[in-house]
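Engineer: Dropping in data-v1.tsv, with TSV, C-alpha atoms.
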```
chain	number	residue	atom	x	y	z
C	171	SER	CA	-67.95	-1.33	-136.42
C	172	PRO	CA	-71.67	-1.38	-137.19
C	173	PRO	CA	-73.16	0.96	-139.81
C	174	GLY	CA	-73.75	4.44	-138.47
C	175	PHE	CA	-71.40	4.00	-135.52
C	176	GLY	CA	-69.93	7.48	-135.12
C	177	CYS	CA	-67.38	9.02	-132.80
C	178	ALA	CA	-69.64	11.94	-131.90
C	179	ASP	CA	-71.99	9.63	-130.01
C	180	ALA	CA	-69.68	6.65	-129.51
C	181	LYS	CA	-71.25	3.76	-127.62
C	182	ILE	CA	-70.26	0.20	-126.89
C	183	PHE	CA	-71.73	-2.13	-129.50
C	184	ARG	CA	-72.53	-5.68	-128.41
C	185	LYS	CA	-73.08	-8.56	-130.76
C	186	GLY	CA	-73.45	-11.88	-128.99
C	187	SER	CA	-70.56	-12.24	-126.59
C	188	CYS	CA	-68.34	-9.91	-128.56
C	189	THR	CA	-67.82	-6.33	-127.35
C	190	LEU	CA	-66.57	-3.75	-129.79
C	191	GLY	CA	-65.39	-0.37	-128.59
C	192	LEU	CA	-63.77	2.54	-130.33
C	193	SER	CA	-62.15	1.89	-133.71
C	194	VAL	CA	-58.68	3.47	-133.95
C	195	GLY	CA	-56.81	3.76	-137.23
C	196	VAL	CA	-53.15	4.43	-138.00
C	197	LEU	CA	-51.96	5.48	-141.46
C	198	LYS	CA	-48.55	5.16	-143.05
C	199	GLU	CA	-46.94	8.60	-143.07
C	200	THR	CA	-46.49	10.06	-146.55
C	201	GLN	CA	-44.61	13.32	-145.91
C	202	PRO	CA	-41.05	13.13	-147.30
C	203	GLY	CA	-38.53	12.32	-144.57
C	204	GLU	CA	-41.18	11.38	-142.01
C	205	ARG	CA	-40.15	7.95	-140.69
C	206	ARG	CA	-42.18	7.87	-137.48
C	207	VAL	CA	-45.38	5.93	-136.95
C	208	ALA	CA	-48.19	7.07	-134.66
C	209	ILE	CA	-48.52	3.80	-132.76
C	210	THR	CA	-46.16	1.04	-131.63
C	211	PRO	CA	-46.84	-2.55	-130.52
C	212	LYS	CA	-46.12	-1.70	-126.88
C	213	VAL	CA	-49.19	0.52	-126.49
C	214	LEU	CA	-51.65	-1.84	-128.19
C	215	ASP	CA	-52.28	-3.61	-124.89
C	216	VAL	CA	-53.49	-0.32	-123.39
C	217	LEU	CA	-56.02	0.11	-126.18
C	218	SER	CA	-57.18	-3.51	-126.13
C	219	LYS	CA	-57.97	-3.23	-122.40
C	220	SER	CA	-60.36	-0.42	-123.36
C	221	ASN	CA	-62.07	-2.64	-125.96
C	222	ALA	CA	-60.60	-0.56	-128.77
C	223	GLU	CA	-60.19	-2.08	-132.21
C	224	VAL	CA	-57.00	-1.00	-134.02
C	225	TRP	CA	-56.57	-0.84	-137.80
C	226	ILE	CA	-53.08	-0.19	-139.16
C	227	GLU	CA	-52.11	0.51	-142.74
C	228	ARG	CA	-49.74	-2.08	-144.18
C	229	ASP	CA	-46.03	-1.19	-143.68
C	230	ALA	CA	-46.93	1.83	-141.54
C	231	GLY	CA	-44.24	0.98	-138.99
C	232	THR	CA	-41.56	-0.44	-141.29
C	233	GLU	CA	-39.31	2.65	-141.33
C	234	SER	CA	-39.53	2.89	-137.55
C	235	GLY	CA	-38.41	-0.72	-137.12
C	236	PHE	CA	-41.85	-2.21	-136.43
C	237	ALA	CA	-42.92	-4.97	-138.81
C	238	ASP	CA	-46.58	-5.66	-139.55
C	239	GLU	CA	-46.32	-8.94	-137.63
C	240	SER	CA	-45.36	-7.10	-134.43
C	241	PHE	CA	-48.72	-5.33	-134.62
C	242	SER	CA	-50.87	-8.25	-135.77
C	243	THR	CA	-49.61	-10.53	-132.98
C	244	LYS	CA	-50.92	-7.90	-130.56
C	245	GLY	CA	-54.37	-8.03	-132.14
C	246	ALA	CA	-54.20	-5.14	-134.59
C	247	LYS	CA	-55.72	-5.53	-138.04
C	248	ILE	CA	-53.29	-4.89	-140.90
C	249	ALA	CA	-55.16	-3.43	-143.87
C	250	THR	CA	-55.02	-1.15	-146.89
C	251	ARG	CA	-55.21	2.61	-146.50
C	252	ALA	CA	-58.77	2.62	-147.83
C	253	GLU	CA	-59.82	-0.03	-145.30
C	254	VAL	CA	-58.27	1.87	-142.41
C	255	LEU	CA	-60.06	5.06	-143.44
C	256	GLN	CA	-63.32	3.16	-143.82
C	257	HIS	CA	-63.26	1.57	-140.36
C	258	ALA	CA	-61.47	4.14	-138.16
C	259	GLU	CA	-63.48	6.54	-136.05
C	260	VAL	CA	-60.30	7.99	-134.54
C	261	LEU	CA	-57.11	8.41	-136.56
C	262	PHE	CA	-53.69	8.58	-134.90
C	263	THR	CA	-51.26	10.45	-137.16
C	264	VAL	CA	-47.91	12.18	-137.01
C	265	VAL	CA	-48.72	14.55	-139.88
C	266	PRO	CA	-52.51	14.65	-140.46
C	267	PRO	CA	-53.72	13.54	-143.91
C	268	GLU	CA	-55.54	15.81	-146.33
C	269	PRO	CA	-58.98	16.42	-144.77
C	270	GLU	CA	-60.71	15.94	-148.10
C	271	THR	CA	-59.73	12.23	-147.96
C	272	LEU	CA	-61.60	11.77	-144.67
C	273	ARG	CA	-65.27	11.43	-143.88
C	274	LYS	CA	-67.41	13.75	-141.85
C	275	GLY	CA	-67.40	12.89	-138.15
C	276	GLN	CA	-63.97	11.25	-138.01
C	277	VAL	CA	-61.57	12.38	-135.30
C	278	VAL	CA	-57.92	13.08	-136.12
C	279	ILE	CA	-55.22	13.43	-133.45
C	280	GLY	CA	-51.76	14.54	-134.53
C	281	LEU	CA	-49.23	17.31	-135.10
C	282	CYS	CA	-50.98	19.80	-137.38
C	283	ASP	CA	-49.08	23.05	-136.62
C	284	PRO	CA	-52.32	24.98	-136.00
C	285	LEU	CA	-50.56	28.24	-135.12
C	286	GLY	CA	-48.17	28.11	-138.07
C	287	ASN	CA	-50.65	26.68	-140.58
C	288	PRO	CA	-54.17	27.62	-139.43
C	289	GLN	CA	-55.44	27.16	-143.00
C	290	LEU	CA	-55.14	23.38	-142.63
C	291	ALA	CA	-57.32	23.52	-139.53
C	292	ASP	CA	-59.84	25.58	-141.47
C	293	ARG	CA	-59.98	22.91	-144.17
C	294	TYR	CA	-60.58	20.27	-141.49
C	295	ALA	CA	-63.47	22.29	-140.13
C	296	LYS	CA	-64.99	22.67	-143.59
C	297	ALA	CA	-64.69	18.90	-144.12
C	298	GLY	CA	-66.59	18.26	-140.88
C	299	VAL	CA	-63.65	16.39	-139.33
C	300	THR	CA	-62.80	16.81	-135.65
C	301	LEU	CA	-59.15	17.81	-135.21
C	302	PHE	CA	-56.95	17.70	-132.10
C	303	ALA	CA	-53.52	19.39	-132.21
C	304	MET	CA	-51.00	17.73	-129.92
C	305	GLU	CA	-48.79	20.84	-130.06
C	306	LEU	CA	-51.39	22.58	-127.90
C	307	VAL	CA	-51.27	20.18	-124.94
C	308	PRO	CA	-51.02	22.49	-121.90
C	309	ARG	CA	-47.81	22.48	-119.88
C	310	THR	CA	-49.44	21.23	-116.68
C	311	THR	CA	-48.53	18.42	-114.33
C	312	ARG	CA	-51.57	16.37	-115.31
C	313	ALA	CA	-50.72	16.67	-119.01
C	314	GLN	CA	-47.01	15.79	-118.74
C	315	SER	CA	-47.52	12.24	-120.01
C	316	MET	CA	-49.23	13.68	-123.12
C	317	ASP	CA	-46.69	16.44	-123.82
C	318	VAL	CA	-45.55	15.61	-127.34
C	319	LEU	CA	-43.46	18.75	-127.75
C	320	SER	CA	-41.33	17.84	-124.75
C	321	SER	CA	-40.96	14.23	-125.91
C	322	MET	CA	-39.84	15.21	-129.38
C	323	ALA	CA	-37.65	18.10	-128.16
C	324	SER	CA	-35.72	15.69	-125.96
C	325	ILE	CA	-34.94	13.48	-128.96
C	326	ALA	CA	-34.08	16.48	-131.12
C	327	GLY	CA	-31.65	17.86	-128.53
C	328	TYR	CA	-29.84	14.53	-128.35
C	329	LYS	CA	-29.59	14.10	-132.13
C	330	ALA	CA	-28.47	17.69	-132.69
C	331	VAL	CA	-25.33	17.08	-130.64
C	332	LEU	CA	-24.51	13.93	-132.60
C	333	LEU	CA	-24.84	15.79	-135.90
C	334	ALA	CA	-22.66	18.64	-134.65
C	335	ALA	CA	-20.02	16.22	-133.33
C	336	SER	CA	-19.99	14.41	-136.67
C	337	ALA	CA	-19.49	17.66	-138.59
C	338	LEU	CA	-16.78	19.03	-136.30
C	339	SER	CA	-13.18	18.54	-137.47
C	340	ARG	CA	-12.02	17.67	-133.96
C	341	LEU	CA	-13.05	15.33	-131.14
C	342	PHE	CA	-15.40	16.20	-128.30
C	343	PRO	CA	-13.58	14.58	-125.33
C	344	MET	CA	-10.14	15.29	-123.98
C	345	MET	CA	-7.71	12.50	-124.83
C	346	THR	CA	-4.22	11.82	-123.56
C	347	THR	CA	-2.32	9.76	-126.12
C	348	ALA	CA	1.24	8.89	-127.05
C	349	ALA	CA	0.92	11.54	-129.74
C	350	GLY	CA	0.03	14.18	-127.18
C	351	THR	CA	-2.97	15.52	-125.31
C	352	ILE	CA	-6.09	16.61	-127.18
C	353	ALA	CA	-8.06	19.38	-125.52
C	354	PRO	CA	-11.84	18.90	-125.23
C	355	ALA	CA	-14.21	20.70	-127.58
C	356	ARG	CA	-16.05	23.74	-126.27
C	357	VAL	CA	-19.80	23.64	-126.84
C	358	LEU	CA	-22.31	26.43	-126.27
C	359	VAL	CA	-26.04	25.65	-126.15
C	360	ILE	CA	-28.30	28.69	-126.54
C	361	GLY	CA	-31.74	28.08	-125.04
C	362	ALA	CA	-32.36	25.88	-122.01
C	363	GLY	CA	-35.76	24.40	-122.72
C	364	VAL	CA	-36.21	20.64	-123.01
C	365	ALA	CA	-34.17	20.43	-126.24
C	366	GLY	CA	-31.40	22.65	-124.90
C	367	LEU	CA	-31.05	20.78	-121.62
C	368	GLN	CA	-30.92	17.46	-123.45
C	369	ALA	CA	-28.26	18.89	-125.78
C	370	ILE	CA	-26.22	20.04	-122.79
C	371	ALA	CA	-26.47	16.62	-121.15
C	372	THR	CA	-25.52	14.80	-124.36
C	373	ALA	CA	-22.54	17.04	-125.10
C	374	ARG	CA	-21.32	16.52	-121.56
C	375	ARG	CA	-21.61	12.73	-121.96
C	376	LEU	CA	-19.43	13.00	-125.06
C	377	GLY	CA	-16.76	14.77	-123.00
C	378	ALA	CA	-17.09	18.37	-124.20
C	379	VAL	CA	-16.70	21.45	-122.03
C	380	VAL	CA	-20.22	22.83	-122.17
C	381	SER	CA	-21.76	26.24	-121.57
C	382	GLY	CA	-25.44	27.14	-121.66
C	383	TYR	CA	-27.32	30.38	-122.05
C	384	ASP	CA	-30.94	31.43	-121.68
C	385	VAL	CA	-32.54	34.83	-121.15
C	386	ARG	CA	-34.39	33.30	-118.19
C	387	SER	CA	-32.08	33.49	-115.20
C	388	ALA	CA	-34.28	30.90	-113.46
C	389	VAL	CA	-32.79	28.10	-115.57
C	390	LYS	CA	-29.23	28.84	-114.36
C	391	GLU	CA	-29.53	26.13	-111.71
C	392	GLN	CA	-30.78	23.57	-114.26
C	393	ILE	CA	-27.86	24.27	-116.60
C	394	GLU	CA	-25.32	24.01	-113.80
C	395	SER	CA	-26.92	20.83	-112.45
C	396	LEU	CA	-25.96	19.13	-115.73
C	397	GLY	CA	-22.31	20.11	-115.27
C	398	ALA	CA	-22.35	23.04	-117.68
C	399	LYS	CA	-21.34	26.65	-117.09
C	400	PHE	CA	-24.08	29.28	-117.22
C	401	VAL	CA	-23.17	32.16	-119.52
C	402	ASN	CA	-24.13	35.37	-117.76
C	403	ILE	CA	-25.23	38.10	-120.17
C	404	ASP	CA	-26.65	41.30	-118.73
C	405	ILE	CA	-29.54	42.73	-120.74
C	406	GLY	CA	-30.64	45.09	-117.99
C	407	ALA	CA	-33.86	43.28	-117.06
C	408	ALA	CA	-35.26	39.82	-116.42
C	409	GLY	CA	-35.87	37.81	-119.57
C	410	GLU	CA	-38.58	35.70	-118.01
C	411	GLY	CA	-42.22	36.20	-118.94
C	412	GLN	CA	-45.54	34.74	-117.90
C	413	GLY	CA	-45.57	31.08	-116.96
C	414	GLY	CA	-41.78	30.82	-116.83
C	415	TYR	CA	-41.31	31.15	-120.60
C	416	ALA	CA	-38.87	33.53	-122.23
C	417	ARG	CA	-40.47	36.90	-123.02
C	418	GLN	CA	-39.96	38.93	-126.18
C	419	LEU	CA	-37.00	41.29	-125.73
C	420	THR	CA	-36.96	44.96	-126.64
C	421	PRO	CA	-34.67	46.13	-129.51
C	422	GLU	CA	-32.26	47.65	-126.97
C	423	GLU	CA	-32.12	44.40	-124.97
C	424	ILE	CA	-31.56	42.39	-128.15
C	425	GLN	CA	-28.59	44.56	-129.13
C	426	LYS	CA	-27.04	44.24	-125.65
C	427	GLN	CA	-27.50	40.49	-125.84
C	428	ARG	CA	-25.87	40.26	-129.28
C	429	ASP	CA	-22.88	42.43	-128.36
C	430	GLN	CA	-22.03	40.26	-125.36
C	431	MET	CA	-22.86	36.98	-127.10
C	432	ALA	CA	-20.50	37.80	-129.99
C	433	ALA	CA	-17.55	37.71	-127.58
C	434	VAL	CA	-18.69	34.34	-126.20
C	435	LEU	CA	-19.00	32.84	-129.70
C	436	THR	CA	-15.32	33.44	-130.46
C	437	GLU	CA	-14.39	30.88	-127.78
C	438	GLN	CA	-16.61	28.04	-129.03
C	439	ASP	CA	-16.05	25.04	-131.28
C	440	VAL	CA	-19.75	24.17	-131.51
C	441	VAL	CA	-22.81	26.36	-131.04
C	442	ILE	CA	-26.27	24.77	-130.82
C	443	THR	CA	-29.29	27.08	-130.98
C	444	THR	CA	-32.71	25.85	-129.84
C	445	ALA	CA	-35.06	28.85	-129.66
C	446	ALA	CA	-38.42	28.41	-131.40
C	447	VAL	CA	-41.79	30.04	-130.77
C	448	PRO	CA	-44.96	28.22	-131.95
C	449	GLY	CA	-46.69	30.09	-134.75
C	450	ARG	CA	-43.89	32.64	-135.16
C	451	ARG	CA	-40.59	33.00	-136.91
C	452	ALA	CA	-37.73	31.80	-134.74
C	453	PRO	CA	-35.87	34.65	-132.99
C	454	LEU	CA	-32.61	35.73	-134.62
C	455	LEU	CA	-29.81	34.99	-132.16
C	456	VAL	CA	-26.65	34.81	-134.29
C	457	THR	CA	-26.13	37.42	-137.00
C	458	ARG	CA	-23.50	37.51	-139.75
C	459	ASP	CA	-21.63	40.20	-137.85
C	460	MET	CA	-21.56	38.07	-134.70
C	461	MET	CA	-20.04	35.21	-136.69
C	462	LYS	CA	-17.06	37.26	-137.93
C	463	GLY	CA	-14.99	36.48	-134.83
C	464	MET	CA	-15.66	32.73	-134.92
C	465	GLN	CA	-12.80	30.44	-135.88
C	466	PRO	CA	-12.81	28.49	-139.18
C	467	GLY	CA	-13.91	24.91	-138.54
C	468	THR	CA	-16.52	25.96	-135.98
C	469	VAL	CA	-19.97	24.38	-136.30
C	470	ILE	CA	-23.34	26.02	-135.69
C	471	LEU	CA	-26.25	23.59	-135.43
C	472	ASP	CA	-29.52	25.54	-135.77
C	473	MET	CA	-32.40	23.49	-134.35
C	474	ALA	CA	-34.89	26.19	-135.35
C	475	ALA	CA	-34.03	25.94	-139.05
C	476	GLN	CA	-37.52	24.89	-140.15
C	477	TYR	CA	-39.00	27.92	-138.36
C	478	GLY	CA	-36.76	30.49	-140.05
C	479	GLY	CA	-33.59	29.80	-138.08
C	480	ASN	CA	-31.83	31.34	-135.08
C	481	CYS	CA	-28.79	32.07	-137.25
C	482	GLU	CA	-29.01	34.66	-140.02
C	483	VAL	CA	-27.39	32.45	-142.67
C	484	THR	CA	-29.29	29.23	-141.86
C	485	LYS	CA	-31.03	27.41	-144.70
C	486	ALA	CA	-33.48	24.69	-143.73
C	487	GLY	CA	-32.28	21.23	-144.74
C	488	GLU	CA	-28.85	22.47	-145.84
C	489	THR	CA	-25.33	23.11	-144.55
C	490	VAL	CA	-24.08	26.61	-145.34
C	491	MET	CA	-20.41	27.65	-145.12
C	492	GLN	CA	-19.84	31.20	-143.88
C	493	ASN	CA	-16.22	32.36	-143.41
C	494	GLY	CA	-15.18	28.78	-142.68
C	495	VAL	CA	-18.02	28.19	-140.21
C	496	ALA	CA	-20.43	25.35	-141.03
C	497	VAL	CA	-24.05	26.30	-140.31
C	498	ILE	CA	-26.23	23.17	-140.26
C	499	GLY	CA	-30.00	23.56	-140.58
C	500	PRO	CA	-31.63	20.16	-139.94
C	501	VAL	CA	-35.39	19.70	-140.17
C	502	ASN	CA	-37.58	17.21	-138.30
C	503	LEU	CA	-34.82	15.78	-136.13
C	504	PRO	CA	-37.15	13.39	-134.23
C	505	ALA	CA	-37.88	11.57	-137.50
C	506	THR	CA	-34.19	10.69	-137.76
C	507	VAL	CA	-34.53	8.57	-134.60
C	508	PRO	CA	-37.85	6.97	-135.63
C	509	GLY	CA	-37.87	3.95	-133.30
C	510	HIS	CA	-37.74	5.72	-129.96
C	511	ALA	CA	-39.49	8.82	-131.31
C	512	SER	CA	-42.45	6.66	-132.33
C	513	GLN	CA	-42.39	4.87	-128.98
C	514	MET	CA	-42.62	8.15	-127.06
C	515	TYR	CA	-45.10	9.75	-129.45
C	516	SER	CA	-47.47	6.78	-129.43
C	517	ARG	CA	-47.45	6.73	-125.63
C	518	ASN	CA	-48.38	10.42	-125.62
C	519	LEU	CA	-51.24	9.79	-128.07
C	520	VAL	CA	-52.67	6.77	-126.26
C	521	THR	CA	-52.58	8.57	-122.92
C	522	PHE	CA	-54.30	11.54	-124.55
C	523	LEU	CA	-57.04	9.33	-126.01
C	524	LYS	CA	-57.51	7.42	-122.76
C	525	ASN	CA	-58.16	10.75	-121.04
C	526	MET	CA	-61.23	11.15	-123.28
C	527	MET	CA	-62.54	7.60	-122.95
C	528	THR	CA	-65.20	6.41	-120.54
C	529	LYS	CA	-64.77	3.21	-118.51
C	530	GLU	CA	-66.88	1.45	-121.15
C	531	GLY	CA	-64.52	2.54	-123.93
C	532	ALA	CA	-66.67	5.27	-125.48
C	533	LEU	CA	-65.25	8.59	-126.59
C	534	ASN	CA	-66.25	11.60	-124.50
C	535	ILE	CA	-65.07	14.97	-125.81
C	536	ASP	CA	-65.54	17.00	-122.65
C	537	THR	CA	-64.47	20.62	-123.17
C	538	ASN	CA	-64.65	21.24	-119.41
C	539	ASP	CA	-61.34	19.33	-119.33
C	540	ASP	CA	-58.57	21.85	-119.99
C	541	ILE	CA	-56.48	19.30	-121.92
C	542	VAL	CA	-59.37	18.54	-124.27
C	543	ARG	CA	-60.41	22.18	-124.57
C	544	ASP	CA	-56.91	23.51	-125.33
C	545	THR	CA	-56.10	20.90	-127.99
C	546	LEU	CA	-59.46	20.78	-129.76
C	547	VAL	CA	-59.11	22.86	-132.94
C	548	ALA	CA	-62.03	21.92	-135.20
C	549	ARG	CA	-65.38	20.31	-134.45
C	550	ASP	CA	-68.85	20.16	-136.00
C	551	GLY	CA	-67.76	22.18	-139.01
C	552	GLU	CA	-66.24	25.06	-137.01
C	553	ILE	CA	-62.90	26.26	-135.67
C	554	VAL	CA	-63.34	26.12	-131.90
C	555	ASN	CA	-59.85	27.14	-130.76
C	556	ALA	CA	-59.71	30.86	-130.05
C	557	ARG	CA	-56.04	31.29	-131.00
C	558	VAL	CA	-56.49	29.54	-134.35
C	559	LYS	CA	-59.69	31.47	-135.02
C	560	GLU	CA	-57.85	34.72	-134.35
C	561	LEU	CA	-55.05	33.80	-136.77
C	562	LEU	CA	-57.53	32.90	-139.49
C	563	GLY	CA	-59.34	36.19	-138.97
C	564	ALA	CA	-56.06	38.12	-139.26
C	565	ALA	CA	-55.17	36.25	-142.45
C	566	LYS	CA	-58.50	37.16	-144.05
C	567	SER	CA	-58.38	40.84	-143.08
```
Give the structure from the file, written as C-alpha cells.

Structural biologist:
Amino acid sequence: SPPGFGCADAKIFRKGSCTLGLSVGVLKETQPGERRVAITPKVLDVLSKSNAEVWIERDAGTESGFADESFSTKGAKIATRAEVLQHAEVLFTVVPPEPETLRKGQVVIGLCDPLGNPQLADRYAKAGVTLFAMELVPRTTRAQSMDVLSSMASIAGYKAVLLAASALSRLFPMMTTAAGTIAPARVLVIGAGVAGLQAIATARRLGAVVSGYDVRSAVKEQIESLGAKFVNIDIGAAGEGQGGYARQLTPEEIQKQRDQMAAVLTEQDVVITTAAVPGRRAPLLVTRDMMKGMQPGTVILDMAAQYGGNCEVTKAGETVMQNGVAVIGPVNLPATVPGHASQMYSRNLVTFLKNMMTKEGALNIDTNDDIVRDTLVARDGEIVNARVKELLGAAKS
C-alpha cells in the first residue's frame, strides 16, 4: 500500500497496470488454547476478486490445519507479525490484539466481548483504532451469513455432546449383544438456542434418548422436530421475551422451575446446560440441592462455564465431582474443533467485510446500515456503541 493510504478514506490505488485495493491482515492468535485462525484459504478467492491484498502472519493457520503454503498458493503474503501490522489497514482476528500494538486508523474486526469487557473497547478508542465486535451482529435475515455467535454455538453444541459421552461411564446407544441388552443413555439438554438444538441433534445421532427444555414454549416444535421430548415445566407464565429470546424470570418463577427440574434431573444420565447471556453472568439453572437426587456416574456438561456457569458447582476449565456426579466446565469449545470453526468464522468475517466494501474495493463504513451500526464499537477516538458506552459509564460511577 502507498504511504498515507488509510482505511478511513480508502481508495483504489493504481500504479501502472496494477490495481491495489484494501490491505487485510491476519495475525497468529496468542491467547492460550485459541487454535482458530481468522481466515482460511477457501475465502481468499472472495477477497482477491475485490482487489484486496492479504497479509498473513507466519504459522497463523498451523494449529487449525492450514499450512502457510495453502495461503501463499492463493496469493496471500506470508510475513512476520511486524510486517502484517505495518501493511494491514483491516485486521481479521479471533481475539483482538492489544490496541497499544496497533496504529491509529487501523480497523480491527473480531470477537472482543464488548458487553463483558467494555474496558478493552475503551482502550481501542483511546488508541484511535476502529473496532468492530462480531458478537453484536444483529439477528436478522440479512445478517445470517455473518452471525458468528450462531456459527460457533453450533460447533460448541456438537463438541459438548462428545465430551459428555466420553466422560460417561456407559454407552449412548442401545445395544443388543450376546451379553445382554444395553439400554440407551438418557440425555437432557437445557436451553434450545443454536447450541442446544445442535446438542440435541448430536446426542440423537449417537443413539441416546434425548429430552430438551427451554422457558420459551415456542421452541417446543423445534425440539420435537429433532426427535427429542420436550420437558414441560409450568412456571405460571410465558418465558418468552422481546424478539423471541428468553426473558428474565421472577424469583417465584425461578423457584417453581427448579422444584420441577430437580425431579427431571433424577432420571438423566447426562445433562447439558447451554444458557448464556452476553455481558451478564450465566443464569443459575442447577443448584447443589437439585443435584442431590442425581445418580452417581451422571455427567453435567456446563457450556456456560466461562460465563459463571449454569450449575452452582461448575468451575471453568475443570471437572468437579459432587456426590458422584461429574460436572464438566469446558471453555472455548469452538477452539477445540479449529479446522471447521475457522472455516465458518472466516466466512462470517469475509461476508461482513464485503458488506462494507464498494464495487471498487474501497472500505465504506456506513452507519446507516444496521449491521455496521450495531457492530461498530469504537471509531475516531470514541466509543460509538450506546450499550458499551452505558456499561463504561456505569463502571466509572

Engineer: Excluding range 299-301 of chain C and residues on its chain fewer than 3 positions from it, collect all residues at most 9 Å away from it, counting all atoms listed in the file, and give them as a list in words.

Structural biologist: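 Those residues are Pro269, Leu272, Arg273, Lys274, Gly275, Gln276, Val277, Val278, Ile279, Gly280, Cys282, Ala291, Arg293, Tyr294, Ala295, Lys296, Thr545, Leu546, Val547, Ala548, Arg549, Asp550 and Gly551 of chain C.
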
Engineer: Find the distance between CA of Asn402 in chain C and CA of Val364 in chain C and write it in Å to one decimal.

Structural biologist: 19.8 Å

Engineer: Could you jot down the CA of Ala373 in chain C to CA of Met514 in chain C separation for me, Å, one decimal place?

Structural biologist: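 Atom-to-atom, CA of Ala373 in chain C and CA of Met514 in chain C are spaced 22.0 Å apart.
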
Engineer: So what do you get for CA of Val260 in chain C versus CA of Pro202 in chain C, distance-wise?

Structural biologist: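 If I compute the distance from CA of Val260 in chain C to CA of Pro202 in chain C, I get 23.7 Å.
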
Engineer: Identify which of the residues C:Gly350, C:Gly382, C:Pro211, C:Gly531 lies closest to Ser240 in chain C, counting only C-alpha atoms when measuring atom-to-atom distances.

Structural biologist: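 Of the candidates, the smallest distance to Ser240 in chain C is held by C:Pro211.
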
Engineer: Closest to Ala334 in chain C among C:Leu290, C:Leu376, C:Ala505, C:Met526, using only C-alpha atoms?

Structural biologist: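 Nearest to Ala334 in chain C: C:Leu376.
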
Engineer: Could you check the closest approach to Val558 in chain C for each of C:Pro448, C:Gly363, C:Gly478, C:Gly463 and tell me which residue wins, using all atoms listed in the file?

Structural biologist: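 Using all atoms listed in the file, Val558 in chain C sits closest to C:Pro448.
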
Engineer: Considering all atoms listed in the file, state which residue in the set C:Gln465, C:Thr210, C:Asn525, C:Gln476 is at the smallest distance from Ala446 in chain C.

Structural biologist: C:Gln476

Engineer: Which residue, C:Leu197, C:Ala445, C:Ala258, C:Leu562, has the smallest gap to Ala323 in chain C when you use all atoms listed in the file?

Structural biologist: C:Ala445

Engineer: Considering only C-alpha atoms, can you say which of C:Leu471, C:Ile553, C:Ile442, C:Ala249 comes closest to Gly366 in chain C?

Structural biologist: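 The shortest atom-to-atom distance to Gly366 in chain C comes from C:Ile442.
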
Engineer: Taking the point (-20.7, 26.0, -124.5) as given in the file, collect each protein or nucleic acid residue that comes within 8 Å of it, counting all atoms listed in the file, and present the set as a list of chain:residue names.

Structural biologist: C:Arg356, C:Val357, C:Leu358, C:Val359, C:Val379, C:Val380, C:Ser381, C:Gly382, C:Ala398, C:Lys399, C:Gln438, C:Val440, C:Val441

Engineer: May I have the protein, DNA and RNA residues with an atom at most 12 Å from (-60.0, 7.0, -120.1), counting all atoms listed in the file in the file's coordinates, returned as a CSV table (one decimal) with C-alpha atoms, keeping the file's coordinate frame?

Structural biologist:
```csv
chain,number,residue,atom,x,y,z
C,192,LEU,CA,-63.8,2.5,-130.3
C,216,VAL,CA,-53.5,-0.3,-123.4
C,217,LEU,CA,-56.0,0.1,-126.2
C,219,LYS,CA,-58.0,-3.2,-122.4
C,220,SER,CA,-60.4,-0.4,-123.4
C,221,ASN,CA,-62.1,-2.6,-126.0
C,222,ALA,CA,-60.6,-0.6,-128.8
C,520,VAL,CA,-52.7,6.8,-126.3
C,521,THR,CA,-52.6,8.6,-122.9
C,522,PHE,CA,-54.3,11.5,-124.6
C,523,LEU,CA,-57.0,9.3,-126.0
C,524,LYS,CA,-57.5,7.4,-122.8
C,525,ASN,CA,-58.2,10.8,-121.0
C,526,MET,CA,-61.2,11.2,-123.3
C,527,MET,CA,-62.5,7.6,-123.0
C,528,THR,CA,-65.2,6.4,-120.5
C,529,LYS,CA,-64.8,3.2,-118.5
C,530,GLU,CA,-66.9,1.4,-121.2
C,531,GLY,CA,-64.5,2.5,-123.9
C,532,ALA,CA,-66.7,5.3,-125.5
C,533,LEU,CA,-65.2,8.6,-126.6
C,534,ASN,CA,-66.2,11.6,-124.5
C,535,ILE,CA,-65.1,15.0,-125.8
C,536,ASP,CA,-65.5,17.0,-122.6
```

Engineer: As a compact mmCIF listing (two decimals), in the frame of the given file, could you write out range 228-236 of chain C once it has been completed with N, CA and C atoms?

Structural biologist:
```txt
# COMPACT_ATOMS: atom_id res chain seq x y z
N ARG C 228 -50.86 -1.19 -143.91
CA ARG C 228 -49.74 -2.08 -144.18
C ARG C 228 -48.43 -1.29 -144.32
N ASP C 229 -47.38 -1.78 -143.66
CA ASP C 229 -46.03 -1.19 -143.68
C ASP C 229 -45.95 0.18 -142.98
N ALA C 230 -46.94 0.53 -142.21
CA ALA C 230 -46.93 1.83 -141.54
C ALA C 230 -45.75 1.99 -140.59
N GLY C 231 -45.32 0.88 -139.97
CA GLY C 231 -44.24 0.98 -138.99
C GLY C 231 -42.89 0.51 -139.49
N THR C 232 -42.80 0.16 -140.77
CA THR C 232 -41.56 -0.44 -141.29
C THR C 232 -40.34 0.46 -141.10
N GLU C 233 -40.47 1.75 -141.43
CA GLU C 233 -39.31 2.65 -141.33
C GLU C 233 -38.95 2.98 -139.89
N SER C 234 -39.83 2.68 -138.97
CA SER C 234 -39.53 2.89 -137.55
C SER C 234 -39.00 1.63 -136.89
N GLY C 235 -38.93 0.54 -137.66
CA GLY C 235 -38.41 -0.72 -137.12
C GLY C 235 -39.48 -1.64 -136.58
N PHE C 236 -40.75 -1.38 -136.93
CA PHE C 236 -41.85 -2.21 -136.43
C PHE C 236 -42.53 -2.91 -137.61
```
